[in-house]
file work17.cif (mmCIF, C-alpha atoms)
data_my_file
loop_
_atom_site.label_atom_id
_atom_site.label_comp_id
_atom_site.auth_asym_id
_atom_site.auth_seq_id
_atom_site.Cartn_x
_atom_site.Cartn_y
_atom_site.Cartn_z
CA MET Z 636 -4.28 12.51 -36.27
CA THR Z 637 -4.43 15.23 -33.61
CA ASP Z 638 -2.09 18.18 -34.15
CA ILE Z 639 0.25 18.22 -31.17
CA LYS Z 640 -0.08 22.00 -30.91
CA THR Z 641 -3.75 21.63 -30.01
CA ARG Z 642 -2.99 19.33 -27.09
CA TYR Z 643 -1.33 21.82 -24.78
CA ARG Z 644 -1.76 25.35 -23.48
CA TYR Z 645 0.44 27.66 -21.45
CA GLY Z 646 -0.50 28.99 -18.06
CA LYS Z 647 0.53 32.27 -16.52
CA PRO Z 648 4.24 32.50 -15.73
CA ASP Z 649 5.26 32.47 -12.09
CA SER Z 650 7.73 34.79 -10.35
CA LYS Z 651 10.66 32.86 -11.83
CA GLY Z 652 9.37 33.16 -15.36
CA ARG Z 653 8.26 29.55 -15.62
CA ASN Z 654 5.23 28.88 -17.83
CA PRO Z 655 3.16 25.91 -16.67
CA VAL Z 656 2.08 23.63 -19.52
CA TYR Z 657 -1.34 21.94 -19.38
CA ILE Z 658 -1.86 18.91 -21.62
CA ASP Z 659 -5.13 17.48 -22.94
CA GLY Z 660 -7.21 19.72 -20.69
CA ALA Z 661 -5.66 18.45 -17.45
CA ALA Z 662 -6.29 20.49 -14.32
CA GLU Z 663 -2.66 20.13 -13.19
CA PRO Z 664 0.35 21.13 -15.31
CA ALA Z 665 2.53 18.39 -16.78
CA GLY Z 666 5.55 20.58 -16.19
CA HIS Z 667 6.84 24.00 -17.14
CA VAL Z 668 8.98 25.77 -19.73
CA ARG Z 669 11.12 28.85 -19.31
CA LYS Z 670 13.79 30.80 -21.12
CA LEU Z 671 17.21 30.61 -19.54
CA GLY Z 672 19.38 32.69 -21.84
CA ARG Z 673 20.28 33.66 -25.41
CA GLY Z 674 22.13 30.55 -26.59
CA SER Z 675 21.14 28.24 -29.43
CA SER Z 676 18.84 26.28 -27.08
CA PRO Z 677 17.61 28.76 -24.51
CA TRP Z 678 14.29 27.08 -23.69
CA TRP Z 679 14.14 24.65 -20.79
CA ALA Z 680 11.47 21.95 -20.36
CA GLU Z 681 11.00 20.26 -16.99
CA GLY Z 682 8.32 17.72 -16.10
CA ALA Z 683 6.37 17.95 -12.86
CA GLY Z 684 8.15 16.00 -10.16
CA ASP Z 685 11.37 15.62 -12.14
CA GLY Z 686 13.40 17.31 -9.43
CA GLY Z 687 15.26 19.78 -11.64
CA ALA Z 688 16.01 17.39 -14.50
CA GLY Z 689 14.98 18.64 -17.92
CA THR Z 690 15.99 19.29 -21.52
CA ASN Z 691 17.10 22.31 -23.59
CA HIS Z 692 15.33 23.40 -26.79
CA ALA Z 693 15.72 26.04 -29.47
CA ARG Z 694 12.13 27.27 -29.30
CA LYS Z 695 9.38 27.53 -26.72
CA TYR Z 696 6.93 25.30 -28.61
CA GLU Z 697 9.61 22.59 -28.87
CA ALA Z 698 9.99 22.65 -25.09
CA ALA Z 699 6.22 22.37 -24.66
CA GLU Z 700 6.00 19.52 -27.17
CA ARG Z 701 8.74 17.74 -25.25
CA LEU Z 702 6.40 17.73 -22.24
CA VAL Z 703 3.61 16.30 -24.40
CA HIS Z 704 5.85 13.44 -25.56
CA MET Z 705 7.01 12.86 -21.99
CA THR Z 706 3.38 12.67 -20.80
CA ASP Z 707 2.50 10.19 -23.56
CA ALA Z 708 5.51 8.04 -22.68
CA ARG Z 709 4.59 7.97 -19.01
CA ALA Z 710 0.97 7.11 -19.83
CA SER Z 711 2.14 4.30 -22.10
CA THR Z 712 4.43 2.94 -19.38
CA ALA Z 713 1.63 3.08 -16.79
CA ALA Z 714 -0.78 1.31 -19.16
CA GLY Z 715 1.79 -1.40 -19.82
CA ILE Z 716 2.27 -1.94 -16.09
CA GLU Z 717 -1.47 -2.31 -15.56
CA ARG Z 718 -1.77 -4.74 -18.48
CA ARG Z 719 0.99 -6.91 -17.07
CA ARG Z 720 -0.41 -6.71 -13.54
CA ALA Z 721 -3.86 -7.69 -14.83
CA ARG Z 722 -2.43 -10.92 -16.22
CA ARG Z 723 -1.98 -12.09 -12.63
CA THR Z 724 -5.77 -12.53 -12.49
CA GLN Z 725 -6.47 -13.54 -16.10
CA PRO Z 726 -5.92 -17.29 -16.49
CA PRO Z 727 -6.38 -19.13 -19.80
CA THR Z 728 -9.86 -20.46 -20.56
CA GLY Z 729 -10.68 -23.57 -18.57
CA TRP Z 730 -8.11 -22.85 -15.88
CA ARG Z 731 -7.86 -20.78 -12.72
CA PHE Z 732 -5.07 -19.55 -10.50
CA ALA Z 733 -4.48 -21.35 -7.21
CA SER Z 734 -1.96 -20.36 -4.57
CA TRP Z 735 0.77 -22.83 -3.72
CA THR Z 736 -0.69 -23.07 -0.22
CA GLU Z 737 -4.04 -24.16 -1.71
CA ILE Z 738 -2.26 -26.60 -4.00
CA GLU Z 739 -0.45 -28.19 -1.06
CA ARG Z 740 -3.46 -28.28 1.26
CA GLU Z 741 -5.85 -29.65 -1.36
CA GLY Z 742 -3.30 -32.07 -2.75
CA TYR Z 743 -3.72 -31.02 -6.39
CA ARG Z 744 -1.68 -33.39 -8.51
CA GLN Z 745 -2.09 -31.82 -11.96
CA VAL Z 746 -0.96 -28.19 -12.17
CA ARG Z 747 0.57 -25.88 -14.74
CA PRO Z 748 3.29 -23.85 -13.02
CA VAL Z 749 4.33 -20.43 -14.30
CA HIS Z 750 7.54 -21.01 -16.25
CA ARG Z 751 8.41 -17.41 -17.06
CA ALA Z 752 7.54 -14.65 -14.61
CA PRO Z 753 9.14 -11.29 -15.49
CA TYR Z 754 8.79 -8.30 -13.20
CA VAL Z 755 5.78 -6.08 -13.77
CA TYR Z 756 8.14 -3.10 -13.95
CA GLY Z 757 11.89 -2.75 -13.60
CA GLY Z 758 13.96 -5.37 -11.82
CA GLU Z 759 12.11 -5.89 -8.56
CA GLY Z 760 8.66 -6.03 -6.96
CA GLU Z 761 5.70 -7.91 -8.44
CA ARG Z 762 6.07 -10.52 -11.15
CA TYR Z 763 3.44 -11.53 -13.70
CA PRO Z 764 2.81 -14.81 -15.56
CA ASP Z 765 4.20 -14.71 -19.07
CA THR Z 766 4.30 -18.42 -19.93
CA PHE Z 767 2.98 -21.57 -18.24
CA ALA Z 768 3.86 -25.24 -18.50
CA ALA Z 769 2.31 -26.34 -21.81
CA GLN Z 770 0.97 -29.55 -20.24
CA PRO Z 771 0.02 -30.21 -16.62
CA VAL Z 772 2.83 -31.38 -14.38
CA ALA Z 773 2.12 -34.34 -12.09
CA LEU Z 774 3.30 -32.98 -8.74
CA THR Z 775 5.20 -35.17 -6.32
CA ARG Z 776 6.72 -32.66 -3.89
CA VAL Z 777 6.57 -28.98 -2.93
CA THR Z 778 9.36 -27.67 -0.69
CA THR Z 779 9.38 -24.19 0.87
CA LEU Z 780 12.90 -23.08 1.76
CA HIS Z 781 14.10 -20.85 4.59
CA ASN Z 782 14.28 -17.79 2.31
CA GLY Z 783 10.73 -18.10 0.97
CA CYS Z 784 11.77 -19.73 -2.30
CA VAL Z 785 9.86 -22.84 -3.36
CA VAL Z 786 11.11 -25.94 -5.18
CA VAL Z 787 8.47 -27.87 -7.13
CA SER Z 788 9.17 -31.48 -8.16
CA GLY Z 789 7.15 -33.75 -10.40
CA THR Z 790 6.91 -35.46 -13.76
CA GLU Z 791 5.86 -34.27 -17.20
CA PRO Z 792 3.95 -36.23 -19.86
CA GLY Z 793 6.02 -38.43 -22.13
CA ASP Z 794 9.60 -39.57 -21.79
CA ARG Z 795 10.90 -36.48 -20.04
CA PRO Z 796 13.46 -36.05 -17.25
CA PRO Z 797 12.22 -35.34 -13.71
CA TYR Z 798 10.57 -31.94 -13.46
CA VAL Z 799 12.14 -29.41 -11.06
CA LEU Z 800 11.28 -25.70 -10.81
CA LEU Z 801 12.82 -23.18 -8.39
CA MET Z 802 10.79 -20.02 -7.73
CA ASP Z 803 11.65 -16.91 -5.77
CA PRO Z 804 9.02 -15.42 -3.40
CA ALA Z 805 7.61 -13.01 -6.01
CA HIS Z 806 7.26 -15.90 -8.47
CA VAL Z 807 5.61 -18.06 -5.79
CA GLU Z 808 3.06 -15.32 -5.10
CA ILE Z 809 1.55 -15.75 -8.59
CA GLY Z 810 0.53 -19.36 -7.87
CA ALA Z 811 -0.10 -21.89 -10.63
CA LEU Z 812 -2.93 -22.99 -12.90
CA VAL Z 813 -5.36 -25.74 -11.93
CA ARG Z 814 -8.41 -26.87 -13.84
CA GLU Z 815 -11.38 -24.53 -13.44
CA GLN Z 816 -13.51 -27.44 -12.21
CA GLU Z 817 -10.76 -29.04 -10.15
CA PRO Z 818 -12.41 -31.40 -7.65
CA ARG Z 819 -11.58 -31.29 -3.95
CA TYR Z 820 -11.03 -34.26 -1.69
CA VAL Z 821 -13.66 -34.18 1.08
CA ALA Z 822 -13.49 -37.27 3.29
CA PRO Z 823 -13.99 -41.04 3.20
CA GLY Z 824 -17.58 -42.14 2.75
CA GLU Z 825 -20.12 -43.90 0.57
CA CYS Z 826 -20.56 -42.74 -3.02
CA ALA Z 827 -24.19 -41.95 -3.83
CA GLY Z 828 -23.60 -42.96 -7.45
CA CYS Z 829 -22.09 -46.43 -7.10
CA GLU Z 830 -22.67 -47.02 -3.39
CA GLN Z 831 -19.01 -47.94 -2.90
CA ASP Z 832 -17.01 -46.82 0.14
CA GLY Z 833 -13.87 -44.78 -0.39
CA PRO Z 834 -12.48 -41.25 -0.70
CA LEU Z 835 -15.14 -38.75 -1.79
CA TYR Z 836 -14.53 -35.74 -4.03
CA GLN Z 837 -16.53 -32.56 -4.51
CA ALA Z 838 -16.79 -31.46 -8.13
CA GLY Z 839 -19.22 -28.58 -8.49
CA THR Z 840 -22.37 -29.65 -6.69
CA ARG Z 841 -21.70 -33.38 -7.04
CA LEU Z 842 -20.08 -35.55 -4.38
CA GLY Z 843 -18.70 -38.86 -5.58
CA CYS Z 844 -15.96 -41.45 -5.30
CA ALA Z 845 -12.74 -41.31 -7.29
CA THR Z 846 -14.07 -43.54 -10.10
CA CYS Z 847 -17.33 -41.63 -10.56
CA THR Z 848 -15.69 -38.21 -10.24
CA ALA Z 849 -12.94 -39.07 -12.72
CA ALA Z 850 -15.52 -40.41 -15.19
CA ASP Z 851 -17.60 -37.21 -14.90
CA LEU Z 852 -14.54 -35.05 -15.56
CA GLY Z 853 -12.95 -37.27 -18.20
CA VAL Z 854 -9.68 -37.72 -16.31
CA SER Z 855 -7.80 -40.58 -14.69
CA PRO Z 856 -8.54 -41.32 -11.02
CA ALA Z 857 -4.78 -40.96 -10.47
CA ASP Z 858 -5.07 -37.29 -11.44
CA LEU Z 859 -7.52 -36.47 -8.66
CA PRO Z 860 -6.29 -34.50 -5.65
CA ALA Z 861 -4.92 -36.27 -2.61
CA ALA Z 862 -5.36 -33.95 0.34
CA VAL Z 863 -2.41 -33.72 2.71
CA ASP Z 864 -2.97 -35.95 5.71
CA ASP Z 865 -1.95 -33.27 8.19
CA ASP Z 866 -3.11 -34.35 11.61
CA GLY Z 867 -1.70 -31.24 13.21
CA ALA Z 868 -4.11 -28.45 14.11
CA VAL Z 869 -1.88 -25.77 12.55
CA TRP Z 870 -0.84 -25.31 8.94
CA TRP Z 871 2.76 -24.33 9.58
CA THR Z 872 4.67 -21.82 7.46
CA VAL Z 873 8.35 -20.97 7.27
CA GLY Z 874 9.30 -18.50 10.00
CA ASP Z 875 6.76 -19.77 12.56
CA THR Z 876 7.97 -20.21 16.13
CA VAL Z 877 7.03 -23.63 17.50
CA ARG Z 878 7.49 -25.83 20.54
CA ARG Z 879 7.58 -29.59 20.78
CA ARG Z 880 4.59 -31.31 22.21
CA GLY Z 881 5.11 -33.38 25.37
CA GLU Z 882 7.86 -33.36 27.96
CA LEU Z 883 11.53 -33.28 27.01
CA PRO Z 884 13.66 -36.06 28.47
CA ASP Z 885 16.52 -33.64 28.98
CA GLU Z 886 15.68 -29.95 29.06
CA ASP Z 887 19.36 -29.06 28.49
CA ALA Z 888 19.58 -31.08 25.26
CA GLU Z 889 18.02 -28.37 23.13
CA PRO Z 890 15.81 -25.32 23.52
CA GLU Z 891 12.11 -25.93 23.97
CA THR Z 892 11.15 -23.62 21.10
CA GLY Z 893 12.48 -23.26 17.61
CA ARG Z 894 11.86 -21.67 14.22
CA VAL Z 895 10.44 -23.40 11.16
CA THR Z 896 13.10 -23.20 8.44
CA GLU Z 897 11.80 -25.54 5.73
CA ILE Z 898 8.61 -27.40 4.88
CA GLU Z 899 8.35 -30.36 2.53
CA THR Z 900 4.93 -31.46 1.30
CA ALA Z 901 4.81 -34.88 -0.34
CA ILE Z 902 1.74 -34.72 -2.59
CA VAL Z 903 1.44 -38.42 -3.44
CA GLU Z 904 2.24 -39.63 0.09
CA ARG Z 905 -0.16 -37.03 1.56
CA SER Z 906 2.29 -35.95 4.23
CA ARG Z 907 4.37 -32.98 5.42
CA ARG Z 908 7.72 -32.76 7.13
CA ILE Z 909 8.66 -29.63 9.07
CA ALA Z 910 12.33 -28.67 9.55
CA VAL Z 911 12.80 -26.78 12.83
CA ASP Z 912 15.94 -24.98 14.01
CA PHE Z 913 16.20 -25.30 17.78
CA GLY Z 914 19.30 -23.14 17.91
CA ASP Z 915 22.12 -25.48 18.84
CA ARG Z 916 22.35 -27.97 15.97
CA LEU Z 917 21.18 -28.67 12.44
CA PRO Z 918 17.41 -28.34 11.85
CA VAL Z 919 15.40 -31.38 12.91
CA ARG Z 920 12.51 -32.69 10.77
CA TRP Z 921 9.20 -33.19 12.52
CA GLN Z 922 5.73 -34.42 11.74
CA PRO Z 923 3.22 -31.53 12.05
CA ALA Z 924 1.40 -33.25 14.91
CA GLY Z 925 4.58 -33.20 17.00
CA LEU Z 926 4.67 -29.41 17.09
CA ALA Z 927 2.55 -26.82 18.83
CA PRO Z 928 2.30 -23.02 18.54
CA VAL Z 929 4.03 -20.79 21.07
CA SER Z 930 1.43 -18.79 22.99
#

call {"tool": "encode", "arguments": {"input": "work17.cif", "output": "structure tokens"}}
result
Amino acid sequence: MTDIKTRYRYGKPDSKGRNPVYIDGAAEPAGHVRKLGRGSSPWWAEGAGDGGAGTNHARKYEAAERLVHMTDARASTAAGIERRRARRTQPPTGWRFASWTEIEREGYRQVRPVHRAPYVYGGEGERYPDTFAAQPVALTRVTTLHNGCVVVSGTEPGDRPPYVLLMDPAHVEIGALVREQEPRYVAPGECAGCEQDGPLYQAGTRLGCATCTAADLGVSPADLPAAVDDDGAVWWTVGDTVRRRGELPDEDAEPETGRVTEIETAIVERSRRIAVDFGDRLPVRWQPAGLAPVS
């Protein structure tokens, strides 16, 4: 174990009598110590950037050692923050992180949402995944609310009640787990394996129908993604400004443009409904194809 006294050295005192303290060979001082008087604890230790806050000590070396302990504590805190932040990109074996936008667009039905997402540090800012759903949840609906929160609905394996999870924006940002080799819906076509027509899925380098793809992956065809049948050219998000396509029968009935306040993606039905606030009444729900961007 390293003797703490070998970890620091004093620099030359400045005009105010403050001795800088260098720790572990650092080029910049971790703080300074100085003698303030003749009391029982005349030595003052203040960390760099502490803005005048510090502690009193009986002896000079105790003040210096206080700076060593403070430096160690700060390094430990910083390391803990980085470890927690790194977990945002370290999924369990066999799984990968997917954003909720990807999950909606690709129609992933089997996902493992993040159940517990503490803050990386303090009580605000980034969150990190601490625990996930133990078993994949069969998604039925993903709803983005006006404030950026997301409500996920679905079912869990076994005789369980309906699954509902509410996430705040920082929780949403983490995404959820999908299988590492999760297939993607491509388009209707003929399967090269069985020569049957139907929806085709890309799994790695192989393109096949639902039956062949499910057999290759060892899953049920019902677990394969169902891409959202969004015939609109734009993937709308909450906060977008939109206009209605086509002519209005009565231009005074409501404003021509509005703001997207809520989006509901039905995974199984492969559809989206967009709630738009046109300013003079409750938000109206629209099909994506009925809306156009405001240029």

call {"tool": "closest_residue", "arguments": {"input": "work17.cif", "among": "Z:Cys847, Z:Ala927, Z:Val807, Z:Val869", "to": "Ala733 (chain Z)", "atoms": "all atoms listed in the file"}}
result
Z:Val807

call {"tool": "residues_around", "arguments": {"input": "work17.cif", "residues": "Thr876 (chain Z)", "least_positions_apart": "6", "cutoff": "12 Å", "atoms": "only C-alpha atoms", "output": "VMD selection string"}}
result
chain Z and resid 869 890 to 896 909 to 914 926 to 930

call {"tool": "resolve_selection", "arguments": {"input": "work17.cif", "expression": "the PyMOL selection byres ((chain Z and resi 747) around 6)", "output": "JSON, numbers by chain"}}
result
{"Z": [746, 748, 768, 771, 772, 811, 812]}

call {"tool": "residues_around", "arguments": {"input": "work17.cif", "residues": "His667 (chain Z)", "least_positions_apart": "6", "cutoff": "7 Å", "atoms": "all atoms listed in the file", "output": "PyMOL selection string"}}
result
chain Z and resi 653-656+680-682

call {"tool": "resolve_selection", "arguments": {"input": "work17.cif", "expression": "the PyMOL selection byres ((chain Z and resi 786-803) around 7)", "output": "VMD selection string"}}
result
chain Z and resid 772 to 779 783 to 785 804 to 807

call {"tool": "atom_distance", "arguments": {"input": "work17.cif", "atom1": "CA of Ala714 (chain Z)", "atom2": "CA of Glu759 (chain Z)"}}
result
18.2 Å

call {"tool": "resolve_selection", "arguments": {"input": "work17.cif", "expression": "the PyMOL selection byres ((chain Z and resi 756) around 12)", "output": "list in words"}}
result
Thr712, Ala713, Ala714, Gly715, Ile716, Glu717, Arg718, Arg719, Arg720, Ala752, Pro753, Tyr754, Val755, Gly757, Gly758, Glu759, Gly760, Glu761, Arg762 and Tyr763 of chain Z

call {"tool": "residues_near_point", "arguments": {"input": "work17.cif", "point": "(-6.3, -39.9, -12.2)", "cutoff": "12 Å", "atoms": "only C-alpha atoms", "output": "PyMOL selection string"}}
result
chain Z and resi 743-745+773+817-818+844-861+903

call {"tool": "residues_near_point", "arguments": {"input": "work17.cif", "point": "(16.8, 20.5, -20.5)", "cutoff": "10 Å", "atoms": "all atoms listed in the file", "output": "list in words"}}
result
Val668, Ser676, Pro677, Trp678, Trp679, Ala680, Glu681, Gly682, Gly687, Ala688, Gly689, Thr690, Asn691, His692, Ala698 and Arg701 of chain Z

call {"tool": "atom_distance", "arguments": {"input": "work17.cif", "atom1": "CA of Arg814 (chain Z)", "atom2": "CA of Trp730 (chain Z)"}}
result
4.5 Å

call {"tool": "residues_around", "arguments": {"input": "work17.cif", "residues": "Gln816 (chain Z)", "least_positions_apart": "5", "cutoff": "10 Å", "atoms": "all atoms listed in the file", "output": "list in words"}}
result
Gly729, Trp730, Arg731, Gln837, Ala838, Gly839 and Leu852 of chain Z

call {"tool": "atom_distance", "arguments": {"input": "work17.cif", "atom1": "CA of Gly925 (chain Z)", "atom2": "CA of Arg880 (chain Z)"}}
result
5.5 Å

call {"tool": "residues_around", "arguments": {"input": "work17.cif", "residues": "Tyr657 (chain Z)", "least_positions_apart": "3", "cutoff": "10 Å", "atoms": "only C-alpha atoms", "output": "mmCIF file with C-alpha atoms, in the coordinates of the input"}}
result
data_model
loop_
_atom_site.group_PDB
_atom_site.id
_atom_site.type_symbol
_atom_site.label_atom_id
_atom_site.label_comp_id
_atom_site.auth_asym_id
_atom_site.auth_seq_id
_atom_site.Cartn_x
_atom_site.Cartn_y
_atom_site.Cartn_z
ATOM 1 C CA ARG Z 642 -2.990 19.330 -27.090
ATOM 2 C CA TYR Z 643 -1.330 21.820 -24.780
ATOM 3 C CA ARG Z 644 -1.760 25.350 -23.480
ATOM 4 C CA TYR Z 645 0.440 27.660 -21.450
ATOM 5 C CA GLY Z 646 -0.500 28.990 -18.060
ATOM 6 C CA ASN Z 654 5.230 28.880 -17.830
ATOM 7 C CA GLY Z 660 -7.210 19.720 -20.690
ATOM 8 C CA ALA Z 661 -5.660 18.450 -17.450
ATOM 9 C CA ALA Z 662 -6.290 20.490 -14.320
ATOM 10 C CA GLU Z 663 -2.660 20.130 -13.190
ATOM 11 C CA PRO Z 664 0.350 21.130 -15.310
ATOM 12 C CA ALA Z 665 2.530 18.390 -16.780
ATOM 13 C CA GLY Z 666 5.550 20.580 -16.190
ATOM 14 C CA HIS Z 667 6.840 24.000 -17.140
ATOM 15 C CA ALA Z 699 6.220 22.370 -24.660
ATOM 16 C CA LEU Z 702 6.400 17.730 -22.240
ATOM 17 C CA VAL Z 703 3.610 16.300 -24.400
#
